[in-house]
Each structure stands twice: as C-alpha cells, then as structure tokens.
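The file query.cif contains mmCIF, C-alpha atoms:
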```cif
data_structure
loop_
_atom_site.group_PDB
_atom_site.id
_atom_site.type_symbol
_atom_site.label_atom_id
_atom_site.label_comp_id
_atom_site.auth_asym_id
_atom_site.auth_seq_id
_atom_site.Cartn_x
_atom_site.Cartn_y
_atom_site.Cartn_z
ATOM 1 C CA MET A 952 217.748 332.754 146.710
ATOM 2 C CA ARG A 953 216.589 334.686 143.674
ATOM 3 C CA ASN A 954 214.244 332.069 142.371
ATOM 4 C CA TRP A 955 212.560 331.320 145.662
ATOM 5 C CA TRP A 956 209.184 332.218 144.248
ATOM 6 C CA LEU A 957 209.659 329.783 141.363
ATOM 7 C CA ILE A 958 210.469 327.037 143.809
ATOM 8 C CA SER A 959 207.501 327.910 145.986
ATOM 9 C CA LEU A 960 205.284 327.808 142.901
ATOM 10 C CA TRP A 961 206.608 324.376 142.193
ATOM 11 C CA PHE A 962 205.617 323.226 145.666
ATOM 12 C CA PHE A 963 202.178 324.740 145.360
ATOM 13 C CA SER A 964 201.589 323.072 142.023
ATOM 14 C CA ALA A 965 202.400 319.721 143.624
ATOM 15 C CA LEU A 966 199.911 320.451 146.374
ATOM 16 C CA ALA A 967 197.305 321.446 143.851
ATOM 17 C CA MET A 968 197.804 318.186 142.009
ATOM 18 C CA ALA A 969 197.330 316.098 145.125
ATOM 19 C CA GLY A 970 193.835 314.840 145.714
ATOM 20 C CA VAL A 971 192.265 316.298 142.604
ATOM 21 C CA GLU A 972 190.143 313.240 142.080
ATOM 22 C CA VAL A 973 186.652 314.012 143.213
ATOM 23 C CA HIS A 974 184.444 310.982 143.394
ATOM 24 C CA GLU A 975 180.717 311.003 143.735
ATOM 25 C CA PHE A 976 179.042 308.187 145.565
ATOM 26 C CA LYS A 977 175.457 307.071 145.389
ATOM 27 C CA THR A 978 175.306 306.330 149.099
ATOM 28 C CA PRO A 979 177.308 307.360 152.178
ATOM 29 C CA GLU A 980 178.013 303.636 152.758
ATOM 30 C CA GLN A 981 179.844 303.463 149.437
ATOM 31 C CA GLU A 982 181.905 306.494 150.344
ATOM 32 C CA GLN A 983 182.799 304.882 153.667
ATOM 33 C CA GLN A 984 183.709 301.685 151.875
ATOM 34 C CA TYR A 985 185.923 303.607 149.457
ATOM 35 C CA ASN A 986 187.739 305.412 152.252
ATOM 36 C CA ARG A 987 188.112 302.183 154.207
ATOM 37 C CA MET A 988 189.564 300.323 151.229
ATOM 38 C CA ILE A 989 192.102 302.945 150.169
ATOM 39 C CA ASP A 990 193.163 303.142 153.808
ATOM 40 C CA GLU A 991 193.741 299.371 153.997
ATOM 41 C CA LEU A 992 195.622 298.917 150.733
ATOM 42 C CA ARG A 993 199.284 299.644 150.302
ATOM 43 C CA CYS A 994 200.793 301.647 147.484
ATOM 44 C CA LEU A 995 203.425 299.375 145.957
ATOM 45 C CA VAL A 996 205.481 302.188 144.542
ATOM 46 C CA CYS A 997 206.090 304.048 147.791
ATOM 47 C CA GLN A 998 205.521 301.003 150.009
ATOM 48 C CA ASN A 999 205.179 302.866 153.290
ATOM 49 C CA GLN A 1000 202.073 304.706 152.241
ATOM 50 C CA ASN A 1001 198.572 303.486 151.719
ATOM 51 C CA LEU A 1002 196.558 304.243 148.602
ATOM 52 C CA ALA A 1003 194.833 307.139 150.323
ATOM 53 C CA ASP A 1004 198.083 308.952 151.129
ATOM 54 C CA SER A 1005 200.059 308.200 148.021
ATOM 55 C CA ASN A 1006 200.359 310.521 145.102
ATOM 56 C CA ALA A 1007 202.042 307.976 142.844
ATOM 57 C CA GLU A 1008 200.451 307.314 139.463
ATOM 58 C CA LEU A 1009 199.840 303.696 140.288
ATOM 59 C CA ALA A 1010 198.060 304.680 143.497
ATOM 60 C CA GLN A 1011 195.811 306.998 141.506
ATOM 61 C CA ASP A 1012 195.012 304.197 139.076
ATOM 62 C CA LEU A 1013 194.296 301.760 141.895
ATOM 63 C CA ARG A 1014 192.079 304.291 143.668
ATOM 64 C CA GLN A 1015 190.161 304.607 140.415
ATOM 65 C CA GLU A 1016 189.957 300.823 140.211
ATOM 66 C CA VAL A 1017 188.588 300.641 143.763
ATOM 67 C CA TYR A 1018 186.087 303.371 142.955
ATOM 68 C CA ASP A 1019 184.927 301.596 139.802
ATOM 69 C CA MET A 1020 184.536 298.312 141.654
ATOM 70 C CA ILE A 1021 182.485 299.972 144.376
ATOM 71 C CA GLN A 1022 180.279 301.548 141.732
ATOM 72 C CA GLN A 1023 179.659 298.057 140.415
ATOM 73 C CA GLY A 1024 178.674 296.961 143.891
ATOM 74 C CA ALA A 1025 181.753 294.941 144.855
ATOM 75 C CA SER A 1026 182.152 293.883 148.475
ATOM 76 C CA ASP A 1027 185.256 294.579 150.596
ATOM 77 C CA GLN A 1028 186.346 290.981 150.146
ATOM 78 C CA GLU A 1029 185.958 291.135 146.373
ATOM 79 C CA ILE A 1030 188.130 294.256 146.197
ATOM 80 C CA ILE A 1031 190.759 292.704 148.480
ATOM 81 C CA ASP A 1032 190.754 289.481 146.430
ATOM 82 C CA PHE A 1033 191.179 291.505 143.238
ATOM 83 C CA MET A 1034 194.208 293.327 144.631
ATOM 84 C CA VAL A 1035 195.789 290.250 146.231
ATOM 85 C CA ALA A 1036 195.422 288.254 142.990
ATOM 86 C CA ARG A 1037 197.504 290.914 141.229
ATOM 87 C CA TYR A 1038 199.895 292.288 143.807
ATOM 88 C CA GLY A 1039 200.021 289.579 146.480
ATOM 89 C CA ASP A 1040 199.560 289.814 150.240
ATOM 90 C CA PHE A 1041 202.019 292.683 150.282
ATOM 91 C CA VAL A 1042 199.255 295.004 149.094
ATOM 92 C CA LEU A 1043 197.475 294.494 152.416
ATOM 93 C CA TYR A 1044 198.574 296.466 155.436
ATOM 94 C CA ARG A 1045 197.244 293.653 157.604
ATOM 95 C CA PRO A 1046 198.533 290.480 155.955
ATOM 96 C CA PRO A 1047 196.664 287.219 156.580
ATOM 97 C CA LEU A 1048 198.082 284.656 158.996
ATOM 98 C CA LYS A 1049 199.879 282.107 156.774
ATOM 99 C CA SER A 1050 203.025 280.028 157.050
ATOM 100 C CA THR A 1051 204.960 282.728 155.167
ATOM 101 C CA THR A 1052 203.703 285.506 157.438
ATOM 102 C CA LEU A 1053 203.874 283.546 160.689
ATOM 103 C CA LEU A 1054 207.140 285.152 161.785
ATOM 104 C CA LEU A 1055 205.672 288.566 161.066
ATOM 105 C CA TRP A 1056 202.751 287.915 163.381
ATOM 106 C CA ILE A 1057 204.405 286.055 166.245
ATOM 107 C CA GLY A 1058 207.884 287.627 165.975
ATOM 108 C CA PRO A 1059 207.109 290.591 168.255
ATOM 109 C CA PHE A 1060 205.709 288.276 170.947
ATOM 110 C CA VAL A 1061 208.772 286.035 170.729
ATOM 111 C CA ILE A 1062 211.028 289.053 171.189
ATOM 112 C CA LEU A 1063 208.864 290.250 174.092
ATOM 113 C CA GLY A 1064 209.139 286.795 175.681
ATOM 114 C CA VAL A 1065 212.940 286.812 175.340
ATOM 115 C CA GLY A 1066 213.042 290.261 176.926
ATOM 116 C CA VAL A 1067 210.858 289.224 179.886
ATOM 117 C CA LEU A 1068 212.950 286.083 180.381
ATOM 118 C CA ALA A 1069 216.183 288.098 180.399
ATOM 119 C CA LEU A 1070 214.659 290.528 182.887
ATOM 120 C CA LEU A 1071 213.549 287.704 185.218
ATOM 121 C CA LEU A 1072 216.993 286.092 185.107
ATOM 122 C CA TYR A 1073 218.594 289.418 185.868
ATOM 123 C CA ILE A 1074 216.315 290.071 188.841
ATOM 124 C CA ARG A 1075 216.971 286.601 190.252
ATOM 125 C CA LYS A 1076 220.694 287.121 189.943
ATOM 126 C CA ARG A 1077 220.479 290.472 191.673
ATOM 127 C CA ARG A 1078 218.560 288.926 194.538
ATOM 128 C CA GLY A 1079 221.373 286.429 195.077
ATOM 129 C CA ILE A 1080 223.940 289.138 195.759
ATOM 130 C CA LYS A 1081 224.324 289.696 199.515
ATOM 131 C CA GLU A 1082 225.253 293.008 201.041
ATOM 132 C CA PRO A 1083 228.839 292.915 202.292
ATOM 133 C CA GLU A 1084 229.163 292.645 206.062
ATOM 134 C CA LEU A 1085 231.355 295.317 207.601
ATOM 135 C CA LYS A 1086 233.105 295.494 210.922
ATOM 136 C CA GLU A 1087 232.402 298.385 213.261
ATOM 137 C CA ALA A 1088 235.812 299.935 212.577
ATOM 138 C CA GLU A 1089 235.240 299.850 208.809
ATOM 139 C CA LEU A 1090 231.830 301.440 209.214
ATOM 140 C CA GLU A 1091 233.348 304.228 211.297
ATOM 141 C CA LYS A 1092 235.947 304.801 208.584
ATOM 142 C CA ALA A 1093 233.272 304.958 205.923
ATOM 143 C CA ARG A 1094 231.215 307.450 207.934
ATOM 144 C CA ARG A 1095 234.253 309.628 208.370
ATOM 145 C CA LEU A 1096 235.005 309.586 204.683
ATOM 146 C CA LEU A 1097 231.421 310.442 203.777
ATOM 147 C CA ASN A 1098 231.328 313.329 206.242
ATOM 148 C CA ASN A 1099 234.621 314.637 204.988
ATOM 149 C CA ASP A 1100 233.225 314.608 201.524
ATOM 150 C CA ARG A 1101 230.169 316.580 202.568
ATOM 151 C CA ASN A 1102 232.101 319.352 204.369
ATOM 152 C CA PRO A 1103 235.297 319.908 202.525
ATOM 153 C CA SER A 1104 237.584 321.979 204.720
ATOM 154 C CA MET B 936 232.846 285.297 181.428
ATOM 155 C CA TRP B 937 229.170 285.649 180.546
ATOM 156 C CA ARG B 938 229.415 289.357 181.109
ATOM 157 C CA TYR B 939 231.634 289.598 178.021
ATOM 158 C CA LEU B 940 230.204 286.781 175.914
ATOM 159 C CA ALA B 941 226.547 287.820 176.084
ATOM 160 C CA PRO B 942 226.983 291.270 174.473
ATOM 161 C CA LEU B 943 229.266 289.720 171.873
ATOM 162 C CA GLY B 944 226.605 287.095 171.119
ATOM 163 C CA ILE B 945 223.898 289.741 170.817
ATOM 164 C CA PHE B 946 226.174 291.770 168.573
ATOM 165 C CA ILE B 947 226.836 288.800 166.293
ATOM 166 C CA VAL B 948 223.127 287.984 165.989
ATOM 167 C CA LEU B 949 222.427 291.644 165.200
ATOM 168 C CA VAL B 950 225.134 291.715 162.527
ATOM 169 C CA ILE B 951 223.720 288.566 160.936
ATOM 170 C CA PHE B 952 220.199 290.001 160.790
ATOM 171 C CA LEU B 953 221.348 293.380 159.526
ATOM 172 C CA SER B 954 223.518 291.860 156.819
ATOM 173 C CA ILE B 955 220.582 289.732 155.653
ATOM 174 C CA GLY B 956 218.494 292.906 155.649
ATOM 175 C CA LEU B 957 221.076 294.693 153.529
ATOM 176 C CA LYS B 958 220.875 292.048 150.832
ATOM 177 C CA LEU B 959 217.074 291.955 150.673
ATOM 178 C CA ASP B 960 215.484 294.260 148.154
ATOM 179 C CA PRO B 961 212.204 295.620 149.494
ATOM 180 C CA ARG B 962 211.109 296.367 145.938
ATOM 181 C CA GLU B 963 211.174 292.672 145.072
ATOM 182 C CA VAL B 964 207.610 291.782 145.873
ATOM 183 C CA PRO B 965 206.886 288.138 145.029
ATOM 184 C CA SER B 966 204.347 287.962 142.246
ATOM 185 C CA PRO B 967 201.165 286.015 142.963
ATOM 186 C CA LEU B 968 200.910 285.388 139.214
ATOM 187 C CA ILE B 969 203.653 282.745 139.167
ATOM 188 C CA GLY B 970 202.073 279.425 138.235
ATOM 189 C CA LYS B 971 198.831 281.095 137.152
ATOM 190 C CA PRO B 972 197.490 281.641 133.641
ATOM 191 C CA ALA B 973 198.746 284.858 132.079
ATOM 192 C CA PRO B 974 196.127 287.609 132.478
ATOM 193 C CA SER B 975 194.403 288.302 129.209
ATOM 194 C CA PHE B 976 194.276 291.578 127.348
ATOM 195 C CA THR B 977 193.505 292.785 123.883
ATOM 196 C CA LEU B 978 195.346 295.997 123.213
ATOM 197 C CA PRO B 979 196.102 298.051 120.122
ATOM 198 C CA SER B 980 199.517 297.466 118.611
ATOM 199 C CA LEU B 981 201.985 300.286 119.134
ATOM 200 C CA THR B 982 203.857 299.685 115.934
ATOM 201 C CA GLN B 983 201.216 298.387 113.557
ATOM 202 C CA ALA B 984 198.120 300.554 113.366
ATOM 203 C CA ASP B 985 194.718 298.800 113.343
ATOM 204 C CA GLN B 986 196.202 295.571 114.725
ATOM 205 C CA THR B 987 195.752 294.217 118.220
ATOM 206 C CA VAL B 988 198.015 292.251 120.533
ATOM 207 C CA SER B 989 196.837 289.583 122.960
ATOM 208 C CA PRO B 990 198.650 286.953 125.054
ATOM 209 C CA GLU B 991 196.566 284.289 123.297
ATOM 210 C CA ASP B 992 198.455 285.072 120.083
ATOM 211 C CA PHE B 993 201.528 283.342 121.520
ATOM 212 C CA ARG B 994 199.917 280.173 122.825
ATOM 213 C CA GLY B 995 202.172 277.175 122.204
ATOM 214 C CA LYS B 996 205.359 279.230 122.441
ATOM 215 C CA VAL B 997 207.634 280.217 125.286
ATOM 216 C CA TRP B 998 207.652 284.007 125.336
ATOM 217 C CA LEU B 999 208.618 287.013 127.424
ATOM 218 C CA LEU B 1000 206.495 289.997 128.258
ATOM 219 C CA ASN B 1001 208.657 293.053 128.765
ATOM 220 C CA VAL B 1002 206.846 296.011 130.339
ATOM 221 C CA TRP B 1003 208.407 299.369 129.514
ATOM 222 C CA ALA B 1004 207.641 303.027 128.927
ATOM 223 C CA SER B 1005 209.445 305.913 127.280
ATOM 224 C CA TRP B 1006 209.266 307.939 130.515
ATOM 225 C CA CYS B 1007 210.978 305.162 132.456
ATOM 226 C CA VAL B 1008 214.627 305.954 133.060
ATOM 227 C CA SER B 1009 215.800 302.468 133.960
ATOM 228 C CA CYS B 1010 214.154 301.101 130.794
ATOM 229 C CA ARG B 1011 216.743 303.147 128.933
ATOM 230 C CA ALA B 1012 219.491 301.176 130.629
ATOM 231 C CA GLU B 1013 217.651 297.906 130.070
ATOM 232 C CA HIS B 1014 216.801 298.325 126.397
ATOM 233 C CA PRO B 1015 220.197 297.317 124.945
ATOM 234 C CA VAL B 1016 219.968 294.099 126.988
ATOM 235 C CA VAL B 1017 216.513 293.348 125.564
ATOM 236 C CA ASN B 1018 217.855 294.064 122.081
ATOM 237 C CA GLU B 1019 220.710 291.661 122.721
ATOM 238 C CA LEU B 1020 218.333 288.998 124.045
ATOM 239 C CA ALA B 1021 216.155 289.322 120.940
ATOM 240 C CA ARG B 1022 219.252 288.971 118.755
ATOM 241 C CA THR B 1023 220.023 285.547 120.236
ATOM 242 C CA GLY B 1024 216.771 284.317 118.673
ATOM 243 C CA GLU B 1025 216.222 282.022 121.664
ATOM 244 C CA VAL B 1026 212.895 283.486 122.687
ATOM 245 C CA ILE B 1027 210.249 285.843 121.365
ATOM 246 C CA ILE B 1028 209.710 289.041 123.317
ATOM 247 C CA VAL B 1029 206.428 290.899 123.455
ATOM 248 C CA GLY B 1030 206.538 294.526 124.576
ATOM 249 C CA LEU B 1031 203.933 296.197 126.755
ATOM 250 C CA ASP B 1032 204.195 299.960 126.538
ATOM 251 C CA TYR B 1033 202.762 300.979 129.893
ATOM 252 C CA LYS B 1034 200.988 304.313 130.367
ATOM 253 C CA ASP B 1035 202.909 306.018 127.621
ATOM 254 C CA GLY B 1036 202.255 308.537 124.883
ATOM 255 C CA LEU B 1037 201.682 306.913 121.488
ATOM 256 C CA LYS B 1038 204.175 309.172 119.696
ATOM 257 C CA GLU B 1039 206.771 308.908 122.446
ATOM 258 C CA GLY B 1040 206.522 305.111 122.460
ATOM 259 C CA ILE B 1041 206.904 304.791 118.680
ATOM 260 C CA GLU B 1042 209.764 307.284 118.651
ATOM 261 C CA TRP B 1043 211.506 305.375 121.466
ATOM 262 C CA LEU B 1044 211.496 302.126 119.503
ATOM 263 C CA ARG B 1045 212.591 303.898 116.323
ATOM 264 C CA GLN B 1046 215.584 305.448 118.080
ATOM 265 C CA ARG B 1047 216.669 302.554 120.276
ATOM 266 C CA GLY B 1048 215.705 299.585 118.157
ATOM 267 C CA ASP B 1049 212.634 297.353 118.313
ATOM 268 C CA PRO B 1050 213.364 293.941 119.874
ATOM 269 C CA TYR B 1051 209.677 293.037 120.129
ATOM 270 C CA ILE B 1052 207.752 290.609 117.976
ATOM 271 C CA ALA B 1053 204.699 292.674 118.902
ATOM 272 C CA SER B 1054 204.160 295.746 121.055
ATOM 273 C CA ALA B 1055 200.946 296.192 123.009
ATOM 274 C CA TYR B 1056 199.987 299.754 123.837
ATOM 275 C CA ASP B 1057 198.517 299.998 127.343
ATOM 276 C CA GLU B 1058 197.500 303.627 127.456
ATOM 277 C CA ASP B 1059 195.493 303.671 130.687
ATOM 278 C CA GLY B 1060 197.507 300.987 132.492
ATOM 279 C CA ARG B 1061 194.591 298.585 132.967
ATOM 280 C CA ALA B 1062 196.505 295.631 131.534
ATOM 281 C CA GLY B 1063 199.397 296.653 133.763
ATOM 282 C CA ILE B 1064 197.163 296.398 136.824
ATOM 283 C CA ASP B 1065 195.987 292.944 135.740
ATOM 284 C CA TRP B 1066 199.614 291.857 135.492
ATOM 285 C CA GLY B 1067 200.416 293.378 138.864
ATOM 286 C CA VAL B 1068 202.853 295.871 137.376
ATOM 287 C CA TYR B 1069 204.017 298.356 139.978
ATOM 288 C CA GLY B 1070 207.319 299.569 138.626
ATOM 289 C CA VAL B 1071 208.575 299.428 135.079
ATOM 290 C CA PRO B 1072 210.566 297.747 133.730
ATOM 291 C CA GLU B 1073 209.234 294.297 134.557
ATOM 292 C CA THR B 1074 209.709 291.077 132.622
ATOM 293 C CA PHE B 1075 207.553 287.957 132.732
ATOM 294 C CA VAL B 1076 208.321 284.507 131.338
ATOM 295 C CA ILE B 1077 205.274 282.663 129.989
ATOM 296 C CA ASP B 1078 205.321 278.992 129.039
ATOM 297 C CA LYS B 1079 203.703 277.167 126.118
ATOM 298 C CA ARG B 1080 200.463 276.617 127.996
ATOM 299 C CA GLY B 1081 200.169 280.317 128.744
ATOM 300 C CA VAL B 1082 201.203 280.074 132.388
ATOM 301 C CA VAL B 1083 203.376 282.745 134.001
ATOM 302 C CA ARG B 1084 206.515 281.029 135.254
ATOM 303 C CA TYR B 1085 208.831 283.800 136.321
ATOM 304 C CA LYS B 1086 208.864 287.513 136.980
ATOM 305 C CA HIS B 1087 211.804 289.864 137.032
ATOM 306 C CA THR B 1088 211.237 293.289 138.564
ATOM 307 C CA GLY B 1089 213.552 296.096 137.548
ATOM 308 C CA PRO B 1090 215.956 296.450 134.638
ATOM 309 C CA LEU B 1091 217.411 293.254 133.199
ATOM 310 C CA THR B 1092 221.167 292.928 133.047
ATOM 311 C CA MET B 1093 223.182 290.623 130.808
ATOM 312 C CA LYS B 1094 223.854 288.538 133.911
ATOM 313 C CA ASP B 1095 220.104 288.080 134.511
ATOM 314 C CA VAL B 1096 219.718 287.023 130.885
ATOM 315 C CA THR B 1097 222.535 284.486 130.795
ATOM 316 C CA ASP B 1098 222.162 283.149 134.356
ATOM 317 C CA THR B 1099 218.392 283.075 134.758
ATOM 318 C CA LEU B 1100 216.251 283.877 131.733
ATOM 319 C CA LEU B 1101 217.932 281.837 129.007
ATOM 320 C CA PRO B 1102 218.352 278.655 131.125
ATOM 321 C CA LEU B 1103 214.696 278.923 132.184
ATOM 322 C CA VAL B 1104 213.582 279.409 128.583
ATOM 323 C CA GLN B 1105 215.572 276.325 127.534
ATOM 324 C CA GLU B 1106 213.867 274.317 130.274
ATOM 325 C CA LEU B 1107 210.398 275.525 129.342
ATOM 326 C CA LYS B 1108 210.943 274.798 125.652
ATOM 327 C CA LYS B 1109 211.340 271.127 126.562
ATOM 328 C CA GLU B 1110 207.913 271.022 128.196
ATOM 329 C CA PRO B 1111 204.996 269.780 126.083
ATOM 330 C CA ALA B 1112 202.634 272.400 124.734
#
```
Just give me the structure of the file as structure tokens.
Amino acid sequence: MRNWWLISLWFFSALAMAGVEVHEFKTPEQEQQYNRMIDELRCLVCQNQNLADSNAELAQDLRQEVYDMIQQGASDQEIIDFMVARYGDFVLYRPPLKSTTLLLWIGPFVILGVGVLALLLYIRKRRGIKEPELKEAELEKARRLLNNDRNPS
Amino acid sequence: MWRYLAPLGIFIVLVIFLSIGLKLDPREVPSPLIGKPAPSFTLPSLTQADQTVSPEDFRGKVWLLNVWASWCVSCRAEHPVVNELARTGEVIIVGLDYKDGLKEGIEWLRQRGDPYIASAYDEDGRAGIDWGVYGVPETFVIDKRGVVRYKHTGPLTMKDVTDTLLPLVQELKKEPA
C-alpha cells in the first residue's frame, strides 16, 4: 500500500487525541472519586463502554461535567442522581433493583436453577437404566469379538 | 417422544427470544424526562442575533423541541420531514442546534429551509446534557404546562409524524393550560 504512512499517521493522530484532558485535583480523594465515577457511568453513544474508556464527544462532555461537579464538592450520590435524572438508569453500569430491572438481576439465577434442575433430572434418569444381563455364551462371543478387534490378523 | 420434543421446544423458545431481540433497538433508551418539567435553558438565538431562546417562551402552547446539528448526517435525512411538519401548521417547532459551529448552523438552515419558530444555539452542549441528549437528532413533545410528554430518538419519518406526533399533539392541545 503506497499510502500506508498516511494511514498510520491517521491512527496516531487518533491516539494522540485520546485522553488529552488533563485534570488537576485539589486532593487525591477527589481524583479517586473522579476515576470511580467515570468508571461507573456508561457512555450512551457507544453503550458498551464506560465514560473512562470512551472517546465519544458526549463522553468527553460528561467527564467534564463530572469533573466540574467534583470541583464543587458533589458527592457520589449527587453525581449519580444528576446523570440518572438526565439519562435514566441505563447510564449506570450497575442498575438499581426495581420492578423494571428485576429480570435483569434475577434472570441469571433463574437460568442457573433451570440448568441445575435439568441436570438433576438427567442424572436420576441415568441411574434408572440397568445394565443389560448377558448369558455366558453371549459374553464369550463379545470377548472373542473384542480380541479379534485388538489383533487383526 | 421427549427426546425429540425437548430440543424442538428449546429451539422454539430461543427463536422467540431472538426475534424479540431483533426488533428491539438498543439505542432507544427510555427518557427519564417523560412526565417531568422541561429542563430550562437560556441560549442565544441562532438566527436572530442578540436574542435569546428559552423553553419558558412557549409556556401555554404545545411545542416540539427538535435537536439537530449541521455535522449530523441523519439530521439531513430528517430535515425535509421537519419542514413538512412545520408546513402543516399544527404545532410550533423549536430547534436546538447542538454543539455546532455558528456559521455552519446558519448556513444549514439557509440551504435546507428553516422550519423553526426559534432556534437555540447550544454551543457547548450543556443544554443538551440537561435534556439527556445522547444522539442527534432527537425530538421532544412538550405540553402547555411545560411538561415533557414524549421523546423520539433518531430521525423522524413521515410515518412517525402522522402516526405518533400529530395525534399526540392533537390530544395535548385539548388539555387545559
């Protein structure tokens, strides 16, 4: 490819753009709070990334919003309430237990229960199967067949 | 018998769940704003210098807030529909130009037509955050008492307008201010 260097430049520029925001915090606790919050909150544009990972414009804006709120001394709960009031529970990676999210929380356990039940039924059924009883002549025939198989002549 | 019916049953259940999953749009995040007072803002007007636009200006009327931007590709597809909706005269539409360049925004309306009774210019996207905007275009329906009643995420189509927006607007117009 003739323009490989152009393409590589393009990639590097994207890397250079990522994480350019440098925030200064008054205390290490505030920095921890900032990192904790952007780790907990979902980016709504990319959906499977949190605010910390996302490079989307909205994520940048929301990171700035979180930073500003922390500078004003907001608590974790205040920041979460702010985001939920605007974007709904979806913005949280750990949604609260509500009637609408009940299936989300108990669904995996229900599926696990069904799986365990199926396994138990299967084991019980297996236990019920008896080994077939063979006559001496049949056993002899089987032995001969097996031996033949082992030493093909 | 069970040996054959059980896998078939599991298969059918799987197909049902997967087909439901196909129809769901993960981008449709329910808005927590529905039923709540419209978030306030006071923003400069895009089209009329030294004027401001605020949701309070439209108190007592049923109105739409249409969030758009000149950099937004699907807004391009939506704009003729918004123009058409404005032409019906059924409802007033307020534009919110979200994180856009001033020149680009003005130029966009000049080229494609201006369906808005007023256009708010949200340069830094703060008003957008307050409205829970996460992907333009978005359209909100606000009632006479200034309560958000409906949100449409993504470009409007004529079908959305005739099947959902206009009937809802007619309903809301009947409500007391």
Item to check | Residue IDs satisfying the PyMOL selection byres ((chain A) within 12 of (chain B)), as a ChimeraX atom specification | outcome: /A:993-999,1007-1017,1032-1042,1051,1069,1073
Preceding selection exported with C-alpha atoms as a CSV table (one decimal), in the frame of the given file:
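Saved file part-v7.csv follows:
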```csv
chain,number,residue,atom,x,y,z
A,993,ARG,CA,199.3,299.6,150.3
A,994,CYS,CA,200.8,301.6,147.5
A,995,LEU,CA,203.4,299.4,146.0
A,996,VAL,CA,205.5,302.2,144.5
A,997,CYS,CA,206.1,304.0,147.8
A,998,GLN,CA,205.5,301.0,150.0
A,999,ASN,CA,205.2,302.9,153.3
A,1007,ALA,CA,202.0,308.0,142.8
A,1008,GLU,CA,200.5,307.3,139.5
A,1009,LEU,CA,199.8,303.7,140.3
A,1010,ALA,CA,198.1,304.7,143.5
A,1011,GLN,CA,195.8,307.0,141.5
A,1012,ASP,CA,195.0,304.2,139.1
A,1013,LEU,CA,194.3,301.8,141.9
A,1014,ARG,CA,192.1,304.3,143.7
A,1015,GLN,CA,190.2,304.6,140.4
A,1016,GLU,CA,190.0,300.8,140.2
A,1017,VAL,CA,188.6,300.6,143.8
A,1032,ASP,CA,190.8,289.5,146.4
A,1033,PHE,CA,191.2,291.5,143.2
A,1034,MET,CA,194.2,293.3,144.6
A,1035,VAL,CA,195.8,290.2,146.2
A,1036,ALA,CA,195.4,288.3,143.0
A,1037,ARG,CA,197.5,290.9,141.2
A,1038,TYR,CA,199.9,292.3,143.8
A,1039,GLY,CA,200.0,289.6,146.5
A,1040,ASP,CA,199.6,289.8,150.2
A,1041,PHE,CA,202.0,292.7,150.3
A,1042,VAL,CA,199.3,295.0,149.1
A,1051,THR,CA,205.0,282.7,155.2
A,1069,ALA,CA,216.2,288.1,180.4
A,1073,TYR,CA,218.6,289.4,185.9
```
Name all residues at most 6 Å from region 994-1011 of chain B (count all atoms listed in the file; drop same-chain ones fewer than 3 positions away) and give them as a PDB file with C-alpha atoms, in the frame of the given file.
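Result went into out_21.pdb, see below:
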```
ATOM      1  CA  GLU B 991     196.566 284.289 123.297  1.00  0.00           C
ATOM      2  CA  HIS B1014     216.801 298.325 126.397  1.00  0.00           C
ATOM      3  CA  VAL B1026     212.895 283.486 122.687  1.00  0.00           C
ATOM      4  CA  ILE B1027     210.249 285.843 121.365  1.00  0.00           C
ATOM      5  CA  ILE B1028     209.710 289.041 123.317  1.00  0.00           C
ATOM      6  CA  VAL B1029     206.428 290.899 123.455  1.00  0.00           C
ATOM      7  CA  GLY B1030     206.538 294.526 124.576  1.00  0.00           C
ATOM      8  CA  LEU B1031     203.933 296.197 126.755  1.00  0.00           C
ATOM      9  CA  ASP B1032     204.195 299.960 126.538  1.00  0.00           C
ATOM     10  CA  TYR B1033     202.762 300.979 129.893  1.00  0.00           C
ATOM     11  CA  ASP B1035     202.909 306.018 127.621  1.00  0.00           C
ATOM     12  CA  GLY B1040     206.522 305.111 122.460  1.00  0.00           C
ATOM     13  CA  VAL B1071     208.575 299.428 135.079  1.00  0.00           C
ATOM     14  CA  PRO B1072     210.566 297.747 133.730  1.00  0.00           C
ATOM     15  CA  GLU B1073     209.234 294.297 134.557  1.00  0.00           C
ATOM     16  CA  THR B1074     209.709 291.077 132.622  1.00  0.00           C
ATOM     17  CA  PHE B1075     207.553 287.957 132.732  1.00  0.00           C
ATOM     18  CA  VAL B1076     208.321 284.507 131.338  1.00  0.00           C
ATOM     19  CA  ILE B1077     205.274 282.663 129.989  1.00  0.00           C
ATOM     20  CA  ASP B1078     205.321 278.992 129.039  1.00  0.00           C
ATOM     21  CA  LYS B1079     203.703 277.167 126.118  1.00  0.00           C
ATOM     22  CA  GLY B1081     200.169 280.317 128.744  1.00  0.00           C
ATOM     23  CA  ALA B1112     202.634 272.400 124.734  1.00  0.00           C
TER      24      ALA B1112
END
```
Checklist entry - Counting only C-alpha atoms, what is within 12 Å of Ala984 (chain B), bar same-chain residues fewer than 2 positions away, as a list in words? => result Leu978, Pro979, Ser980, Leu981, Thr982, Gln986, Thr987, Val988, Leu1037, Ile1041, Ala1053, Ser1054, Ala1055 and Tyr1056 of chain B
Item to check | Residue neighbourhood Met988 (chain A), 10 Å, only C-alpha atoms, exclusion window fewer than 6 positions, as a PyMOL selection string | outcome: chain A and resi 982+1001-1003+1014+1017-1018+1021+1027-1028+1030-1031+1043
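Going from CA of Leu1068 (chain A) over to CA of Val950 (chain B), you cover 22.3 Å.
Across the model, the gap from CA of Thr1099 (chain B) to CA of Trp1043 (chain B) is 26.9 Å.
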Checklist entry - What does the distance between CA of Lys1076 (chain A) and CA of Arg1094 (chain A) come to in Å, to one decimal place? => result 29.1 Å
Item to check | Selection under test: the PyMOL selection byres ((chain B and resi 975) around 8); residues as a PyMOL selection string | outcome: chain B and resi 973-974+976-977+989-991+1062
